[in-house]
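Participant: Structure file start-v2.pdb (PDB, C-alpha atoms, pLDDT in the B column) right here:
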```
ATOM      1  CA  MET A   1       2.420 -44.605  27.415  1.00 59.00           C
ATOM      2  CA  LYS A   2       2.754 -40.879  26.741  1.00 71.00           C
ATOM      3  CA  ASN A   3       6.098 -40.917  28.541  1.00 78.00           C
ATOM      4  CA  ASP A   4       7.283 -43.624  26.150  1.00 80.00           C
ATOM      5  CA  ILE A   5       6.342 -41.438  23.188  1.00 82.00           C
ATOM      6  CA  LYS A   6       8.170 -38.509  24.797  1.00 84.00           C
ATOM      7  CA  ILE A   7      11.291 -40.644  25.242  1.00 86.00           C
ATOM      8  CA  ILE A   8      11.211 -41.771  21.606  1.00 89.00           C
ATOM      9  CA  ARG A   9      10.606 -38.231  20.341  1.00 86.00           C
ATOM     10  CA  GLN A  10      13.409 -36.914  22.583  1.00 89.00           C
ATOM     11  CA  VAL A  11      15.846 -39.368  20.977  1.00 90.00           C
ATOM     12  CA  LEU A  12      14.816 -38.079  17.549  1.00 91.00           C
ATOM     13  CA  LYS A  13      14.967 -34.449  18.694  1.00 90.00           C
ATOM     14  CA  SER A  14      18.457 -35.016  20.095  1.00 89.00           C
ATOM     15  CA  TYR A  15      19.432 -36.656  16.806  1.00 90.00           C
ATOM     16  CA  ALA A  16      18.237 -33.627  14.833  1.00 88.00           C
ATOM     17  CA  GLN A  17      20.159 -31.260  17.114  1.00 87.00           C
ATOM     18  CA  LEU A  18      23.253 -33.441  17.035  1.00 85.00           C
ATOM     19  CA  LYS A  19      23.163 -33.586  13.245  1.00 85.00           C
ATOM     20  CA  GLU A  20      22.843 -29.813  13.043  1.00 84.00           C
ATOM     21  CA  ASP A  21      25.659 -29.298  15.556  1.00 79.00           C
ATOM     22  CA  LEU A  22      27.939 -31.690  13.705  1.00 78.00           C
ATOM     23  CA  GLU A  23      27.272 -29.936  10.397  1.00 79.00           C
ATOM     24  CA  LEU A  24      28.091 -26.571  12.004  1.00 77.00           C
ATOM     25  CA  LEU A  25      31.229 -28.015  13.580  1.00 72.00           C
ATOM     26  CA  ASN A  26      32.362 -29.450  10.249  1.00 71.00           C
ATOM     27  CA  ALA A  27      31.658 -26.154   8.465  1.00 69.00           C
ATOM     28  CA  ARG A  28      33.518 -24.154  11.113  1.00 67.00           C
ATOM     29  CA  GLU A  29      36.516 -26.498  11.041  1.00 64.00           C
ATOM     30  CA  SER A  30      36.731 -26.417   7.249  1.00 64.00           C
ATOM     31  CA  ILE A  31      36.775 -22.606   7.325  1.00 65.00           C
ATOM     32  CA  MET A  32      39.449 -22.468  10.028  1.00 57.00           C
ATOM     33  CA  LYS A  33      41.465 -25.393   8.682  1.00 56.00           C
ATOM     34  CA  SER A  34      45.172 -25.064   9.074  1.00 51.00           C
ATOM     35  CA  PRO A  35      47.656 -26.910   6.873  1.00 50.00           C
ATOM     36  CA  THR A  36      49.378 -28.216   9.998  1.00 49.00           C
ATOM     37  CA  VAL A  37      48.003 -30.091  12.950  1.00 48.00           C
ATOM     38  CA  PRO A  38      49.473 -29.025  16.263  1.00 49.00           C
ATOM     39  CA  ILE A  39      50.992 -31.955  18.090  1.00 49.00           C
ATOM     40  CA  VAL A  40      50.959 -31.861  21.828  1.00 50.00           C
ATOM     41  CA  ALA A  41      53.591 -33.858  23.614  1.00 49.00           C
ATOM     42  CA  GLY A  42      52.403 -35.429  26.790  1.00 50.00           C
ATOM     43  CA  HIS A  43      52.104 -38.603  28.716  1.00 51.00           C
ATOM     44  CA  SER A  44      48.425 -38.432  29.545  1.00 53.00           C
ATOM     45  CA  ASN A  45      45.244 -39.324  27.744  1.00 52.00           C
ATOM     46  CA  LEU A  46      44.109 -35.723  28.012  1.00 56.00           C
ATOM     47  CA  ASN A  47      45.567 -34.724  24.677  1.00 66.00           C
ATOM     48  CA  HIS A  48      43.151 -32.115  23.310  1.00 70.00           C
ATOM     49  CA  ILE A  49      43.331 -33.289  19.712  1.00 69.00           C
ATOM     50  CA  GLU A  50      42.841 -36.903  20.690  1.00 73.00           C
ATOM     51  CA  ASN A  51      39.788 -35.984  22.774  1.00 74.00           C
ATOM     52  CA  LYS A  52      38.421 -33.956  19.876  1.00 72.00           C
ATOM     53  CA  PHE A  53      38.669 -36.940  17.523  1.00 73.00           C
ATOM     54  CA  VAL A  54      37.076 -39.277  20.081  1.00 77.00           C
ATOM     55  CA  HIS A  55      34.218 -36.822  20.641  1.00 75.00           C
ATOM     56  CA  HIS A  56      33.720 -36.439  16.896  1.00 73.00           C
ATOM     57  CA  ALA A  57      33.679 -40.222  16.445  1.00 80.00           C
ATOM     58  CA  ASN A  58      31.120 -40.584  19.250  1.00 82.00           C
ATOM     59  CA  LEU A  59      28.838 -38.023  17.605  1.00 81.00           C
ATOM     60  CA  ILE A  60      29.084 -39.787  14.264  1.00 84.00           C
ATOM     61  CA  ASN A  61      28.351 -43.134  15.937  1.00 86.00           C
ATOM     62  CA  LYS A  62      25.213 -41.735  17.597  1.00 86.00           C
ATOM     63  CA  LEU A  63      24.022 -40.366  14.258  1.00 89.00           C
ATOM     64  CA  TYR A  64      24.716 -43.701  12.611  1.00 91.00           C
ATOM     65  CA  GLN A  65      22.696 -45.599  15.228  1.00 92.00           C
ATOM     66  CA  VAL A  66      19.624 -43.412  14.728  1.00 92.00           C
ATOM     67  CA  GLU A  67      19.907 -43.469  10.932  1.00 93.00           C
ATOM     68  CA  THR A  68      20.290 -47.257  10.967  1.00 94.00           C
ATOM     69  CA  ALA A  69      17.167 -47.588  13.129  1.00 95.00           C
ATOM     70  CA  ILE A  70      15.220 -45.360  10.732  1.00 95.00           C
ATOM     71  CA  ASN A  71      16.490 -47.247   7.671  1.00 95.00           C
ATOM     72  CA  LYS A  72      15.483 -50.608   9.198  1.00 96.00           C
ATOM     73  CA  ILE A  73      11.833 -49.540   9.127  1.00 96.00           C
ATOM     74  CA  ASP A  74      10.213 -51.463   6.272  1.00 95.00           C
ATOM     75  CA  ASP A  75       7.394 -49.042   5.491  1.00 95.00           C
ATOM     76  CA  SER A  76       8.671 -46.041   3.525  1.00 94.00           C
ATOM     77  CA  ARG A  77       5.733 -43.965   4.796  1.00 96.00           C
ATOM     78  CA  TYR A  78       6.917 -44.529   8.357  1.00 96.00           C
ATOM     79  CA  GLN A  79      10.439 -43.526   7.366  1.00 96.00           C
ATOM     80  CA  THR A  80       9.077 -40.340   5.800  1.00 95.00           C
ATOM     81  CA  ILE A  81       7.071 -39.530   8.910  1.00 95.00           C
ATOM     82  CA  ILE A  82      10.089 -40.026  11.149  1.00 95.00           C
ATOM     83  CA  TYR A  83      12.643 -38.285   8.977  1.00 92.00           C
ATOM     84  CA  GLU A  84      10.706 -35.578   7.157  1.00 93.00           C
ATOM     85  CA  TYR A  85       8.003 -34.777   9.745  1.00 93.00           C
ATOM     86  CA  ILE A  86       9.609 -35.359  13.139  1.00 92.00           C
ATOM     87  CA  VAL A  87      13.324 -34.827  12.504  1.00 91.00           C
ATOM     88  CA  ASN A  88      13.584 -32.336   9.628  1.00 90.00           C
ATOM     89  CA  LYS A  89      10.130 -30.751   9.963  1.00 91.00           C
ATOM     90  CA  LYS A  90       9.934 -30.590   6.178  1.00 94.00           C
ATOM     91  CA  TYR A  91       6.215 -31.450   6.111  1.00 94.00           C
ATOM     92  CA  ASN A  92       3.407 -30.652   8.493  1.00 94.00           C
ATOM     93  CA  ARG A  93       0.623 -33.063   9.458  1.00 94.00           C
ATOM     94  CA  GLN A  94      -1.846 -31.745   6.909  1.00 95.00           C
ATOM     95  CA  GLU A  95       0.649 -32.060   4.055  1.00 95.00           C
ATOM     96  CA  LEU A  96       1.315 -35.686   4.969  1.00 95.00           C
ATOM     97  CA  CYS A  97      -2.401 -36.384   5.353  1.00 96.00           C
ATOM     98  CA  ASP A  98      -2.904 -35.006   1.856  1.00 96.00           C
ATOM     99  CA  MET A  99       0.103 -36.898   0.500  1.00 95.00           C
ATOM    100  CA  TYR A 100      -1.124 -40.235   1.890  1.00 95.00           C
ATOM    101  CA  LYS A 101      -4.826 -39.429   1.407  1.00 96.00           C
ATOM    102  CA  ILE A 102      -5.686 -40.137   5.045  1.00 96.00           C
ATOM    103  CA  ASP A 103      -7.420 -38.270   7.834  1.00 96.00           C
ATOM    104  CA  LEU A 104      -5.710 -36.876  10.921  1.00 95.00           C
ATOM    105  CA  ARG A 105      -6.717 -39.824  13.100  1.00 95.00           C
ATOM    106  CA  ASN A 106      -5.107 -42.303  10.701  1.00 96.00           C
ATOM    107  CA  PHE A 107      -2.060 -40.076  10.430  1.00 96.00           C
ATOM    108  CA  ASN A 108      -1.637 -40.144  14.206  1.00 94.00           C
ATOM    109  CA  ARG A 109      -1.865 -43.936  14.158  1.00 94.00           C
ATOM    110  CA  MET A 110       0.769 -44.091  11.416  1.00 95.00           C
ATOM    111  CA  LYS A 111       3.002 -41.673  13.304  1.00 94.00           C
ATOM    112  CA  ASN A 112       2.714 -43.704  16.493  1.00 92.00           C
ATOM    113  CA  GLN A 113       3.392 -46.919  14.602  1.00 93.00           C
ATOM    114  CA  ALA A 114       6.443 -45.281  13.010  1.00 95.00           C
ATOM    115  CA  LEU A 115       7.658 -44.234  16.466  1.00 93.00           C
ATOM    116  CA  TYR A 116       7.125 -47.762  17.757  1.00 92.00           C
ATOM    117  CA  GLU A 117       9.048 -49.281  14.833  1.00 94.00           C
ATOM    118  CA  PHE A 118      11.871 -46.791  15.327  1.00 94.00           C
ATOM    119  CA  ALA A 119      12.035 -47.515  19.074  1.00 93.00           C
ATOM    120  CA  LYS A 120      12.162 -51.258  18.424  1.00 92.00           C
ATOM    121  CA  ASN A 121      14.983 -50.845  15.882  1.00 94.00           C
ATOM    122  CA  TYR A 122      16.890 -48.382  18.064  1.00 93.00           C
ATOM    123  CA  GLY A 123      16.782 -50.693  21.043  1.00 90.00           C
ATOM    124  CA  ILE A 124      14.483 -48.696  23.298  1.00 87.00           C
ATOM    125  CA  ASN A 125      12.860 -51.244  25.550  1.00 79.00           C
ATOM    126  CA  LEU A 126       9.119 -50.988  25.278  1.00 73.00           C
ATOM    127  CA  PRO A 127       7.064 -52.720  27.950  1.00 66.00           C
ATOM    128  CA  SER A 128       5.027 -54.966  25.672  1.00 58.00           C
ATOM    129  CA  ASP A 129       2.790 -55.255  22.684  1.00 53.00           C
ATOM    130  CA  GLU A 130       0.088 -53.720  24.875  1.00 54.00           C
ATOM    131  CA  MET A 131       1.996 -50.457  24.661  1.00 52.00           C
ATOM    132  CA  LYS A 132       2.080 -50.840  20.890  1.00 56.00           C
ATOM    133  CA  ASP A 133      -1.689 -51.159  20.887  1.00 56.00           C
ATOM    134  CA  ASP A 134      -1.980 -48.139  23.199  1.00 56.00           C
ATOM    135  CA  LEU A 135       0.265 -46.094  20.908  1.00 54.00           C
ATOM    136  CA  MET A 136      -1.861 -46.941  17.902  1.00 53.00           C
ATOM    137  CA  TYR A 137      -5.029 -45.646  19.521  1.00 52.00           C
ATOM    138  CA  SER A 138      -3.745 -42.672  21.486  1.00 51.00           C
TER     139      SER A 138
END
```
Rewrite the coordinates I just gave you, this time as C-alpha coordinates.
Facilitator:
Amino acid sequence: MKNDIKIIRQVLKSYAQLKEDLELLNARESIMKSPTVPIVAGHSNLNHIENKFVHHANLINKLYQVETAINKIDDSRYQTIIYEYIVNKKYNRQELCDMYKIDLRNFNRMKNQALYEFAKNYGINLPSDEMKDDLMYS
(Lines of atoms letter the chains of each structure in order from A and count residues from 1; the text may use other names and numbers.)
(Lines give C-alpha, C1' and ligand atoms only; values in the text may rest on other atoms or scores of the structure.)
Protein backbone atom coordinates (compact mmCIF):
# COMPACT_ATOMS: atom_id res chain seq x y z
CA MET A 1 0.00 0.00 0.00
CA LYS A 2 2.67 2.52 1.00
CA ASN A 3 4.77 1.36 -1.94
CA ASP A 4 1.86 2.16 -4.26
CA ILE A 5 1.69 5.68 -2.85
CA LYS A 6 5.45 6.03 -3.32
CA ILE A 7 5.15 4.93 -6.95
CA ILE A 8 2.37 7.44 -7.63
CA ARG A 9 4.24 10.25 -5.88
CA GLN A 10 7.44 9.35 -7.78
CA VAL A 11 5.58 9.75 -11.09
CA LEU A 12 4.44 13.21 -9.97
CA LYS A 13 7.90 14.11 -8.67
CA SER A 14 9.44 13.04 -11.98
CA TYR A 15 6.82 15.12 -13.79
CA ALA A 16 7.72 18.20 -11.75
CA GLN A 17 11.43 17.70 -12.45
CA LEU A 18 10.81 17.02 -16.12
CA LYS A 19 8.71 20.16 -16.44
CA GLU A 20 11.42 22.22 -14.77
CA ASP A 21 14.13 20.68 -16.96
CA LEU A 22 12.14 21.31 -20.12
CA GLU A 23 11.55 24.94 -19.16
CA LEU A 24 15.29 25.39 -18.53
CA LEU A 25 16.11 23.68 -21.82
CA ASN A 26 13.69 25.92 -23.70
CA ALA A 27 15.07 29.04 -22.00
CA ARG A 28 18.66 28.03 -22.74
CA GLU A 29 17.88 27.25 -26.39
CA SER A 30 16.06 30.54 -26.91
CA ILE A 31 19.08 32.43 -25.54
CA MET A 32 21.55 30.52 -27.71
CA LYS A 33 19.31 30.41 -30.78
CA SER A 34 21.10 30.68 -34.05
CA PRO A 35 19.43 31.91 -37.23
CA THR A 36 20.65 28.78 -39.01
CA VAL A 37 20.22 25.15 -38.16
CA PRO A 38 23.29 23.05 -38.82
CA ILE A 39 22.51 20.18 -41.14
CA VAL A 40 24.50 17.04 -40.73
CA ALA A 41 24.82 14.81 -43.74
CA GLY A 42 24.82 11.16 -42.92
CA HIS A 43 23.24 7.87 -43.64
CA SER A 44 22.48 6.81 -40.09
CA ASN A 45 19.71 7.51 -37.65
CA LEU A 46 22.23 8.99 -35.24
CA ASN A 47 21.81 12.51 -36.53
CA HIS A 48 22.26 14.72 -33.46
CA ILE A 49 19.55 17.20 -34.39
CA GLU A 50 17.07 14.47 -35.18
CA ASN A 51 17.76 12.80 -31.82
CA LYS A 52 17.35 16.14 -30.08
CA PHE A 53 13.90 16.65 -31.63
CA VAL A 54 12.84 13.08 -30.78
CA HIS A 55 14.00 13.52 -27.18
CA HIS A 56 12.18 16.85 -26.92
CA ALA A 57 9.00 15.29 -28.32
CA ASN A 58 9.25 12.42 -25.82
CA LEU A 59 9.56 14.85 -22.92
CA ILE A 60 6.55 16.83 -24.11
CA ASN A 61 4.56 13.60 -24.51
CA LYS A 62 5.37 12.53 -20.94
CA LEU A 63 4.28 15.93 -19.64
CA TYR A 64 1.09 15.71 -21.66
CA GLN A 65 0.24 12.27 -20.25
CA VAL A 66 0.57 13.45 -16.65
CA GLU A 67 -1.34 16.69 -17.28
CA THR A 68 -4.12 14.77 -19.03
CA ALA A 69 -4.39 12.38 -16.06
CA ILE A 70 -4.60 15.33 -13.66
CA ASN A 71 -7.19 17.12 -15.81
CA LYS A 72 -9.37 13.98 -15.97
CA ILE A 73 -9.89 14.16 -12.21
CA ASP A 74 -13.45 15.41 -11.68
CA ASP A 75 -12.99 16.98 -8.26
CA SER A 76 -11.21 20.34 -8.51
CA ARG A 77 -10.00 19.97 -4.91
CA TYR A 78 -8.17 16.79 -5.89
CA GLN A 79 -6.64 18.57 -8.87
CA THR A 80 -5.46 21.37 -6.58
CA ILE A 81 -3.95 18.90 -4.14
CA ILE A 82 -2.09 17.10 -6.91
CA TYR A 83 -0.94 20.14 -8.83
CA GLU A 84 -0.48 22.84 -6.21
CA TYR A 85 0.51 20.73 -3.18
CA ILE A 86 2.39 17.73 -4.56
CA VAL A 87 3.81 18.99 -7.86
CA ASN A 88 4.36 22.74 -7.45
CA LYS A 89 4.51 22.85 -3.64
CA LYS A 90 2.61 26.13 -3.75
CA TYR A 91 0.57 25.31 -0.63
CA ASN A 92 1.41 23.36 2.48
CA ARG A 93 -0.97 20.97 4.26
CA GLN A 94 -2.15 23.52 6.79
CA GLU A 95 -2.97 26.09 4.11
CA LEU A 96 -5.08 23.53 2.24
CA CYS A 97 -6.76 22.41 5.45
CA ASP A 98 -7.68 26.03 6.11
CA MET A 99 -8.77 26.57 2.50
CA TYR A 100 -11.08 23.54 2.54
CA LYS A 101 -12.04 23.92 6.21
CA ILE A 102 -11.02 20.36 7.08
CA ASP A 103 -8.75 18.74 9.63
CA LEU A 104 -5.46 17.02 8.85
CA ARG A 105 -6.98 13.54 8.89
CA ASN A 106 -9.57 14.51 6.27
CA PHE A 107 -6.88 16.24 4.25
CA ASN A 108 -4.83 13.04 4.18
CA ARG A 109 -7.88 11.12 2.99
CA MET A 110 -8.47 13.68 0.24
CA LYS A 111 -4.81 13.58 -0.76
CA ASN A 112 -4.84 9.79 -0.95
CA GLN A 113 -8.07 9.84 -2.93
CA ALA A 114 -6.52 12.39 -5.30
CA LEU A 115 -3.48 10.13 -5.72
CA TYR A 116 -5.75 7.16 -6.41
CA GLU A 117 -7.75 9.10 -9.01
CA PHE A 118 -4.54 10.29 -10.66
CA ALA A 119 -3.11 6.75 -10.74
CA LYS A 120 -6.30 5.41 -12.29
CA ASN A 121 -6.28 8.12 -14.98
CA TYR A 122 -2.55 7.75 -15.64
CA GLY A 123 -2.84 4.02 -16.12
CA ILE A 124 -0.96 2.84 -13.05
CA ASN A 125 -2.36 -0.57 -12.28
CA LEU A 126 -3.65 -0.65 -8.75
CA PRO A 127 -4.35 -4.05 -7.24
CA SER A 128 -8.01 -3.51 -6.39
CA ASP A 129 -10.58 -1.38 -4.70
CA GLU A 130 -9.23 -2.78 -1.43
CA MET A 131 -6.12 -0.70 -2.02
CA LYS A 132 -8.34 2.32 -2.58
CA ASP A 133 -9.94 1.71 0.79
CA ASP A 134 -6.51 1.26 2.38
CA LEU A 135 -5.30 4.52 0.85
CA MET A 136 -8.27 6.39 2.22
CA TYR A 137 -7.57 5.30 5.78
CA SER A 138 -3.79 5.30 5.87
Participant: Can you measure CA of Asn58 in chain A to CA of Leu115 in chain A for me? One decimal in Å is fine.
Facilitator: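 Distance between the two atoms: 23.9 Å.
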Participant: I'd like to see the residues matched by the PyMOL selection byres ((chain A and resi 119-125) around 10) on this file, and ideally I'd get them as a PDB file with C-alpha atoms, keeping the file's coordinate frame.
Facilitator:
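Wrote it out as part_9.pdb, contents follow:
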```
ATOM      1  CA  ASP A   4       7.283 -43.624  26.150  1.00 80.00           C
ATOM      2  CA  ILE A   5       6.342 -41.438  23.188  1.00 82.00           C
ATOM      3  CA  ILE A   7      11.291 -40.644  25.242  1.00 86.00           C
ATOM      4  CA  ILE A   8      11.211 -41.771  21.606  1.00 89.00           C
ATOM      5  CA  ARG A   9      10.606 -38.231  20.341  1.00 86.00           C
ATOM      6  CA  VAL A  11      15.846 -39.368  20.977  1.00 90.00           C
ATOM      7  CA  LEU A  12      14.816 -38.079  17.549  1.00 91.00           C
ATOM      8  CA  GLN A  65      22.696 -45.599  15.228  1.00 92.00           C
ATOM      9  CA  VAL A  66      19.624 -43.412  14.728  1.00 92.00           C
ATOM     10  CA  GLU A  67      19.907 -43.469  10.932  1.00 93.00           C
ATOM     11  CA  THR A  68      20.290 -47.257  10.967  1.00 94.00           C
ATOM     12  CA  ALA A  69      17.167 -47.588  13.129  1.00 95.00           C
ATOM     13  CA  ILE A  70      15.220 -45.360  10.732  1.00 95.00           C
ATOM     14  CA  ASN A  71      16.490 -47.247   7.671  1.00 95.00           C
ATOM     15  CA  LYS A  72      15.483 -50.608   9.198  1.00 96.00           C
ATOM     16  CA  ILE A  73      11.833 -49.540   9.127  1.00 96.00           C
ATOM     17  CA  GLN A 113       3.392 -46.919  14.602  1.00 93.00           C
ATOM     18  CA  ALA A 114       6.443 -45.281  13.010  1.00 95.00           C
ATOM     19  CA  LEU A 115       7.658 -44.234  16.466  1.00 93.00           C
ATOM     20  CA  TYR A 116       7.125 -47.762  17.757  1.00 92.00           C
ATOM     21  CA  GLU A 117       9.048 -49.281  14.833  1.00 94.00           C
ATOM     22  CA  PHE A 118      11.871 -46.791  15.327  1.00 94.00           C
ATOM     23  CA  LEU A 126       9.119 -50.988  25.278  1.00 73.00           C
ATOM     24  CA  PRO A 127       7.064 -52.720  27.950  1.00 66.00           C
ATOM     25  CA  SER A 128       5.027 -54.966  25.672  1.00 58.00           C
TER      26      SER A 128
END
```
Participant: By how many Å are CA of His55 in chain A and CA of Leu25 in chain A apart?
Facilitator: 11.7 Å
Participant: What's the separation between CA of Lys13 in chain A and CA of Lys52 in chain A, in Å to one decimal place?
Facilitator: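 Going from CA of Lys13 in chain A over to CA of Lys52 in chain A, I get 23.5 Å.
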Participant: Here is a test: counting all atoms listed in the file, which residue of A:Ile60, A:Met110, A:Ala16, A:Leu22 is nearest to Lys89 in chain A?
Facilitator: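 Between A:Ile60, A:Met110, A:Ala16, A:Leu22, the residue approaching Lys89 in chain A most closely is A:Ala16.
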Participant: Emit as AutoDock Vina command-line options the padded axis-aligned box for all listed atoms of range 101-108 of chain A, 4 Å per side, with centre and edge lengths in Å to one decimal.
Facilitator:
```
--center_x -4.5 --center_y -39.6 --center_z 7.8 --size_x 13.8 --size_y 13.4 --size_z 20.8
```
Participant: Which residue is closest to Leu63 in chain A? Choose from A:Asn88, A:Asn26, A:Ser14, A:Asn106 and count all atoms listed in the file.
Facilitator: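 Checking each candidate against Leu63 in chain A, we get A:Ser14 as the closest.
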Participant: Pick from A:Tyr91, A:Tyr15, A:Phe53, A:Tyr85: nearest to Lys111 in chain A, with only C-alpha atoms counted?
Facilitator: A:Tyr85
Participant: Expand the PyMOL selection byres ((chain A and resi 96) around 12) into the explicit residue set it covers here, and present it as a list in words.
Facilitator: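 Taken over the shown coordinates, the PyMOL selection byres ((chain A and resi 96) around 12) returns Arg77, Tyr78, Thr80, Ile81, Ile82, Glu84, Tyr85, Ile86, Lys89, Lys90, Tyr91, Asn92, Arg93, Gln94, Glu95, Cys97, Asp98, Met99, Tyr100, Lys101, Ile102, Asp103, Leu104, Asn106, Phe107, Asn108, Met110 and Lys111 of chain A.
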